[in-house]
Amino acid sequence: MILLPKFTFIPVSNSHDLSPNPYRKNEVIRLNQVWAGYDPHEPILEEINLTVHELDFLGLIGPNGGGKTTLIKVLLGLLKPLKGEVKIMGHSVIQGRRYLGYVPQILEFDRNFPVRVDEVVRMGRLGKGSLFRPYTKKDEEIVIQALEKVEMLDLRNRPIGELSGGQRQRVYIARALASEPQILLLDEPTASVDPKMCSSIYELLLKLNEYITIVMITHDINTMSSYVKTIGCLNRRFHYHGKQQITPKMLEQTYQNIGNREQGIGNRE
Ligand SMILES: Nc1ncnc2c1ncn2[C@@H]1O[C@H](COP(=O)(O)OP(=O)(O)O)[C@@H](O)[C@H]1O
Ligand SMILES: [Mg+2]
């Protein structure tokens, strides 16, 4: 295992194809020397250098509080970096975030929330066009296609509260797909899913990865390593080895120091 001081994400299949062009065509996400945090004096992410290539399936692991969700917020433009540069499809975050589909972490859920499956997926069309325009026939077609892709079309009229954790997650993935993204960002998609259903979510993501780049945060180290193409270990900085195998040493490197860090800057969770 090699720990590099600056980590570049290169899918295994493309690792021979390096070019001096700073934004090569198949780079879909690029972070250069990014520092980010909620307080300029206490950065959460330090010196992040990350390149994600087209059709990569990147699994991001790391300890709680290591900055994984913060990294997603930076990509979505919800948190402006303190320093450094973020490019999505070669554009600034403001221009590039329309290429992103986001599946947020489900922390808790009100089972009585009165909304149907197809209504949730339709919300994915909101970012397209003006805010108050009516839904068009094309929107409806895209919603149906998104439900088909996640195999939830049959349940489209069900209240979302009646679904299992795994089915609900499929609906949220369909909502993200309805925005027609080129890159799917998922924050712990299996966290609220029955362990038996986790692999069905991963199988779905594997299918989507045939045409969509995926960046997925997960704690599910054992299962995800047989699905992802690359793994990133994030604990404030990146610890990365570039392949899908994780060594005990690598985990040790990533998961160490979190205690020191929280002592140093305070745990705000
Ligand atoms: N909105 C916020 N304001 C201040 N601190 C925050 C905020 N969100 C997260 N943090 C802090 O940032 C650190 C990283 O959090 P997060 O990115 O959620 O980590 P992870 O997703 O890896 O568990 C934690 O110490 C957390 O307390
Ligand atoms: Mg998180």
# chains A, B, ... in the order shown; residues from 1 in each chain; ligands from 1

call {"tool": "residues_near_ligand", "arguments": {"ligand": "ligand 2", "cutoff": "8 Å", "atoms": "only C-alpha atoms and all ligand atoms", "output": "CSV table (one decimal) with C-alpha atoms, in the first residue's frame"}}
result
chain,number,residue,atom,x,y,z
A,64,ASN,CA,-17.8,9.8,12.0
A,65,GLY,CA,-17.0,13.5,11.9
A,67,GLY,CA,-15.8,15.4,6.9
A,68,LYS,CA,-17.5,13.1,4.4
A,69,THR,CA,-20.8,14.9,4.4
A,70,THR,CA,-18.9,18.2,4.5
A,105,GLN,CA,-28.7,10.6,4.3
A,187,ASP,CA,-24.7,9.9,1.6
A,188,GLU,CA,-24.8,6.5,3.4
A,217,ILE,CA,-20.3,7.6,1.4

call {"tool": "residues_near_ligand", "arguments": {"ligand": "ligand 1", "cutoff": "10 Å", "atoms": "only C-alpha atoms and all ligand atoms", "output": "compact mmCIF listing (two decimals) with C-alpha atoms, in the first residue's frame"}}
result
# COMPACT_ATOMS: atom_id res chain seq x y z
CA ALA A 36 -13.39 23.76 3.98
CA GLY A 37 -15.18 24.12 7.29
CA TYR A 38 -17.81 25.97 9.19
CA ASP A 39 -15.36 28.22 11.02
CA GLU A 42 -11.10 25.37 12.38
CA PRO A 43 -11.12 23.74 8.94
CA ILE A 44 -12.82 20.35 8.74
CA LEU A 45 -11.29 19.43 5.38
CA LEU A 60 -15.88 7.13 0.53
CA ILE A 61 -15.22 5.80 4.00
CA GLY A 62 -13.90 7.36 7.18
CA PRO A 63 -14.75 7.89 10.82
CA ASN A 64 -17.79 9.83 11.99
CA GLY A 65 -16.97 13.50 11.93
CA GLY A 66 -14.19 12.91 9.37
CA GLY A 67 -15.76 15.37 6.93
CA LYS A 68 -17.48 13.08 4.40
CA THR A 69 -20.81 14.92 4.41
CA THR A 70 -18.94 18.22 4.46
CA LEU A 71 -17.20 17.20 1.24
CA ILE A 72 -20.60 16.52 -0.38
CA LYS A 73 -21.83 19.94 0.80
CA VAL A 74 -18.84 21.54 -0.91
CA LEU A 79 -20.64 25.19 1.70
CA GLN A 105 -28.70 10.55 4.31
CA ASP A 187 -24.66 9.88 1.62
CA GLU A 188 -24.82 6.53 3.43
CA ILE A 217 -20.34 7.62 1.35
CA THR A 218 -20.71 4.45 3.37
CA HIS A 219 -19.82 2.71 6.60
CA LEU A 234 -11.32 10.49 4.44
CA ASN A 235 -10.41 11.68 7.86
CA ARG A 236 -10.03 15.41 7.45
CA ILE A 258 -10.04 11.24 15.34
CA ARG A 261 -8.80 15.88 16.67
CA GLU A 262 -12.04 16.06 18.58
CA ILE A 265 -11.27 21.33 18.14
CA GLY A 266 -14.24 20.14 20.15
CA ASN A 267 -16.91 17.74 19.02
CA ARG A 268 -19.84 19.73 17.72
CA GLU A 269 -22.06 16.78 16.87

call {"tool": "select_by_dssp", "arguments": {"residues": "stretch 24-116 of chain A", "states": "helix (DSSP H, G or I)", "output": "PyMOL selection string"}}
result
chain A and resi 68-76+93-99

call {"tool": "closest_residue", "arguments": {"among": "A:Ile48, A:Ile94, A:Leu78, A:Leu177", "to": "A:Thr213", "atoms": "only C-alpha atoms"}}
result
A:Leu177

call {"tool": "closest_atom_pairs", "arguments": {"of": "stretch 184-234 of chain A", "to": "stretch 141-159 of chain A", "cutoff": "10 Å", "atoms": "only C-alpha atoms", "output": "Markdown table"}}
result
| residue | atom | partner | partner_atom | distance |
| --- | --- | --- | --- | --- |
| A:Ile201 | CA | A:Val150 | CA | 9.1 |
| A:Leu204 | CA | A:Val150 | CA | 6.9 |
| A:Leu205 | CA | A:Val150 | CA | 9.2 |
| A:Lys207 | CA | A:Lys149 | CA | 9.0 |
| A:Leu208 | CA | A:Lys149 | CA | 8.1 |

call {"tool": "select_by_dssp", "arguments": {"residues": "stretch 13-254 of chain A", "states": "strand (DSSP E)", "output": "ChimeraX atom specification"}}
result
/A:27-36,45-53,57-61,83-88,100-103,183-187,213-217,230-235,237-240

call {"tool": "write_last_selection", "arguments": {"atoms": "N, CA and C atoms", "output": "short mmCIF file (atom, residue, chain, number, x, y, z; two decimals), in the first residue's frame"}}
result
data_model
loop_
_atom_site.label_atom_id
_atom_site.label_comp_id
_atom_site.auth_asym_id
_atom_site.auth_seq_id
_atom_site.Cartn_x
_atom_site.Cartn_y
_atom_site.Cartn_z
N GLU A 27 -12.60 13.79 -16.68
CA GLU A 27 -12.61 14.17 -15.27
C GLU A 27 -13.96 14.82 -14.97
N VAL A 28 -14.73 14.23 -14.09
CA VAL A 28 -16.04 14.82 -13.83
C VAL A 28 -16.05 15.68 -12.56
N ILE A 29 -15.19 15.34 -11.62
CA ILE A 29 -15.05 16.16 -10.41
C ILE A 29 -13.57 16.39 -10.17
N ARG A 30 -13.25 17.62 -9.82
CA ARG A 30 -11.85 17.89 -9.47
C ARG A 30 -11.79 18.91 -8.34
N LEU A 31 -11.08 18.55 -7.29
CA LEU A 31 -10.83 19.49 -6.20
C LEU A 31 -9.33 19.71 -6.11
N ASN A 32 -8.95 20.98 -6.12
CA ASN A 32 -7.53 21.32 -6.01
C ASN A 32 -7.29 22.06 -4.71
N GLN A 33 -6.50 21.46 -3.85
CA GLN A 33 -6.07 22.15 -2.62
C GLN A 33 -7.24 22.78 -1.88
N VAL A 34 -8.29 22.02 -1.70
CA VAL A 34 -9.50 22.58 -1.07
C VAL A 34 -9.42 22.45 0.45
N TRP A 35 -9.72 23.55 1.11
CA TRP A 35 -9.89 23.59 2.56
C TRP A 35 -11.32 24.03 2.79
N ALA A 36 -12.00 23.38 3.73
CA ALA A 36 -13.39 23.76 3.98
C ALA A 36 -13.75 23.52 5.43
N LEU A 45 -12.01 20.09 6.48
CA LEU A 45 -11.29 19.43 5.38
C LEU A 45 -10.04 20.23 5.07
N GLU A 46 -8.93 19.52 4.96
CA GLU A 46 -7.65 20.19 4.73
C GLU A 46 -6.99 19.64 3.47
N GLU A 47 -6.57 20.53 2.63
CA GLU A 47 -5.72 20.17 1.50
C GLU A 47 -6.27 18.99 0.69
N ILE A 48 -7.54 19.13 0.31
CA ILE A 48 -8.18 18.02 -0.42
C ILE A 48 -7.87 18.14 -1.91
N ASN A 49 -7.23 17.11 -2.42
CA ASN A 49 -7.00 16.99 -3.86
C ASN A 49 -7.70 15.72 -4.31
N LEU A 50 -8.66 15.90 -5.16
CA LEU A 50 -9.48 14.74 -5.54
C LEU A 50 -9.89 14.86 -6.99
N THR A 51 -9.62 13.82 -7.75
CA THR A 51 -10.13 13.78 -9.12
C THR A 51 -10.99 12.54 -9.27
N VAL A 52 -12.21 12.72 -9.72
CA VAL A 52 -13.09 11.59 -10.00
C VAL A 52 -13.30 11.55 -11.50
N HIS A 53 -13.09 10.38 -12.09
CA HIS A 53 -13.25 10.24 -13.53
C HIS A 53 -14.61 9.69 -13.89
N PHE A 57 -16.85 4.53 -9.73
CA PHE A 57 -17.77 4.26 -8.62
C PHE A 57 -16.88 4.35 -7.38
N LEU A 58 -16.92 5.53 -6.77
CA LEU A 58 -16.04 5.82 -5.65
C LEU A 58 -16.77 5.59 -4.33
N GLY A 59 -16.22 4.76 -3.49
CA GLY A 59 -16.75 4.56 -2.14
C GLY A 59 -15.93 5.38 -1.16
N LEU A 60 -16.60 6.28 -0.44
CA LEU A 60 -15.88 7.13 0.53
C LEU A 60 -16.13 6.62 1.93
N ILE A 61 -15.07 6.25 2.61
CA ILE A 61 -15.22 5.80 4.00
C ILE A 61 -14.41 6.70 4.92
N LYS A 83 -10.63 27.71 0.99
CA LYS A 83 -9.54 27.90 0.01
C LYS A 83 -9.67 26.82 -1.04
N GLY A 84 -9.05 27.06 -2.18
CA GLY A 84 -8.96 26.02 -3.19
C GLY A 84 -10.03 26.12 -4.25
N GLU A 85 -9.99 25.16 -5.17
CA GLU A 85 -10.83 25.22 -6.37
C GLU A 85 -11.62 23.93 -6.54
N VAL A 86 -12.90 24.08 -6.88
CA VAL A 86 -13.75 22.90 -7.14
C VAL A 86 -14.30 23.01 -8.55
N LYS A 87 -14.14 21.94 -9.31
CA LYS A 87 -14.69 21.93 -10.68
C LYS A 87 -15.58 20.71 -10.84
N ILE A 88 -16.74 20.92 -11.45
CA ILE A 88 -17.63 19.81 -11.77
C ILE A 88 -17.86 19.84 -13.27
N LEU A 100 -25.24 17.12 -11.01
CA LEU A 100 -25.20 16.24 -9.84
C LEU A 100 -26.60 15.81 -9.44
N GLY A 101 -26.74 14.55 -9.08
CA GLY A 101 -27.95 14.08 -8.41
C GLY A 101 -27.55 13.69 -7.00
N TYR A 102 -28.37 14.08 -6.04
CA TYR A 102 -27.95 13.91 -4.65
C TYR A 102 -28.99 13.07 -3.90
N VAL A 103 -28.51 12.05 -3.21
CA VAL A 103 -29.37 11.24 -2.35
C VAL A 103 -28.90 11.47 -0.91
N ILE A 183 -23.64 12.58 -12.49
CA ILE A 183 -22.92 12.11 -11.31
C ILE A 183 -23.94 11.96 -10.18
N LEU A 184 -23.90 10.82 -9.52
CA LEU A 184 -24.81 10.59 -8.40
C LEU A 184 -24.00 10.61 -7.10
N LEU A 185 -24.42 11.47 -6.16
CA LEU A 185 -23.77 11.54 -4.85
C LEU A 185 -24.71 10.92 -3.84
N LEU A 186 -24.25 9.94 -3.10
CA LEU A 186 -25.12 9.30 -2.10
C LEU A 186 -24.45 9.33 -0.74
N ASP A 187 -25.21 9.79 0.26
CA ASP A 187 -24.66 9.88 1.62
C ASP A 187 -25.23 8.73 2.45
N THR A 213 -21.62 8.27 -13.16
CA THR A 213 -20.53 8.24 -12.19
C THR A 213 -21.13 8.28 -10.79
N ILE A 214 -20.57 7.49 -9.88
CA ILE A 214 -21.16 7.43 -8.54
C ILE A 214 -20.10 7.76 -7.48
N VAL A 215 -20.48 8.64 -6.57
CA VAL A 215 -19.67 8.91 -5.37
C VAL A 215 -20.57 8.57 -4.19
N MET A 216 -20.16 7.59 -3.41
CA MET A 216 -21.03 7.10 -2.33
C MET A 216 -20.27 7.08 -1.00
N ILE A 217 -20.87 7.72 -0.01
CA ILE A 217 -20.34 7.62 1.35
C ILE A 217 -20.94 6.39 1.99
N THR A 230 -13.21 2.34 -6.92
CA THR A 230 -12.14 2.97 -6.15
C THR A 230 -12.66 3.30 -4.75
N ILE A 231 -11.71 3.41 -3.84
CA ILE A 231 -12.08 3.72 -2.46
C ILE A 231 -11.28 4.92 -1.99
N GLY A 232 -11.96 5.83 -1.31
CA GLY A 232 -11.29 6.96 -0.70
C GLY A 232 -11.51 6.90 0.80
N CYS A 233 -10.44 7.09 1.54
CA CYS A 233 -10.54 7.08 3.00
C CYS A 233 -10.32 8.50 3.48
N LEU A 234 -11.37 9.08 4.08
CA LEU A 234 -11.32 10.49 4.44
C LEU A 234 -11.40 10.67 5.95
N ASN A 235 -10.38 11.25 6.47
CA ASN A 235 -10.41 11.68 7.86
C ASN A 235 -9.73 13.05 7.88
N ARG A 237 -8.26 14.68 5.98
CA ARG A 237 -7.48 14.62 4.75
C ARG A 237 -7.75 13.27 4.11
N PHE A 238 -7.26 13.08 2.90
CA PHE A 238 -7.46 11.79 2.27
C PHE A 238 -6.34 10.80 2.60
N HIS A 239 -6.76 9.55 2.84
CA HIS A 239 -5.86 8.41 2.88
C HIS A 239 -6.41 7.47 1.83
N TYR A 240 -5.64 7.16 0.87
CA TYR A 240 -6.21 6.48 -0.31
C TYR A 240 -5.20 5.54 -0.93
#

call {"tool": "closest_residue", "arguments": {"among": "A:Arg122, A:Lys229, A:Lys138, A:His41", "to": "A:Leu82", "atoms": "only C-alpha atoms"}}
result
A:His41

call {"tool": "closest_residue", "arguments": {"among": "A:Gln167, A:Gln245, A:Asn209, A:Ser200", "to": "A:Asn222", "atoms": "only C-alpha atoms"}}
result
A:Gln245
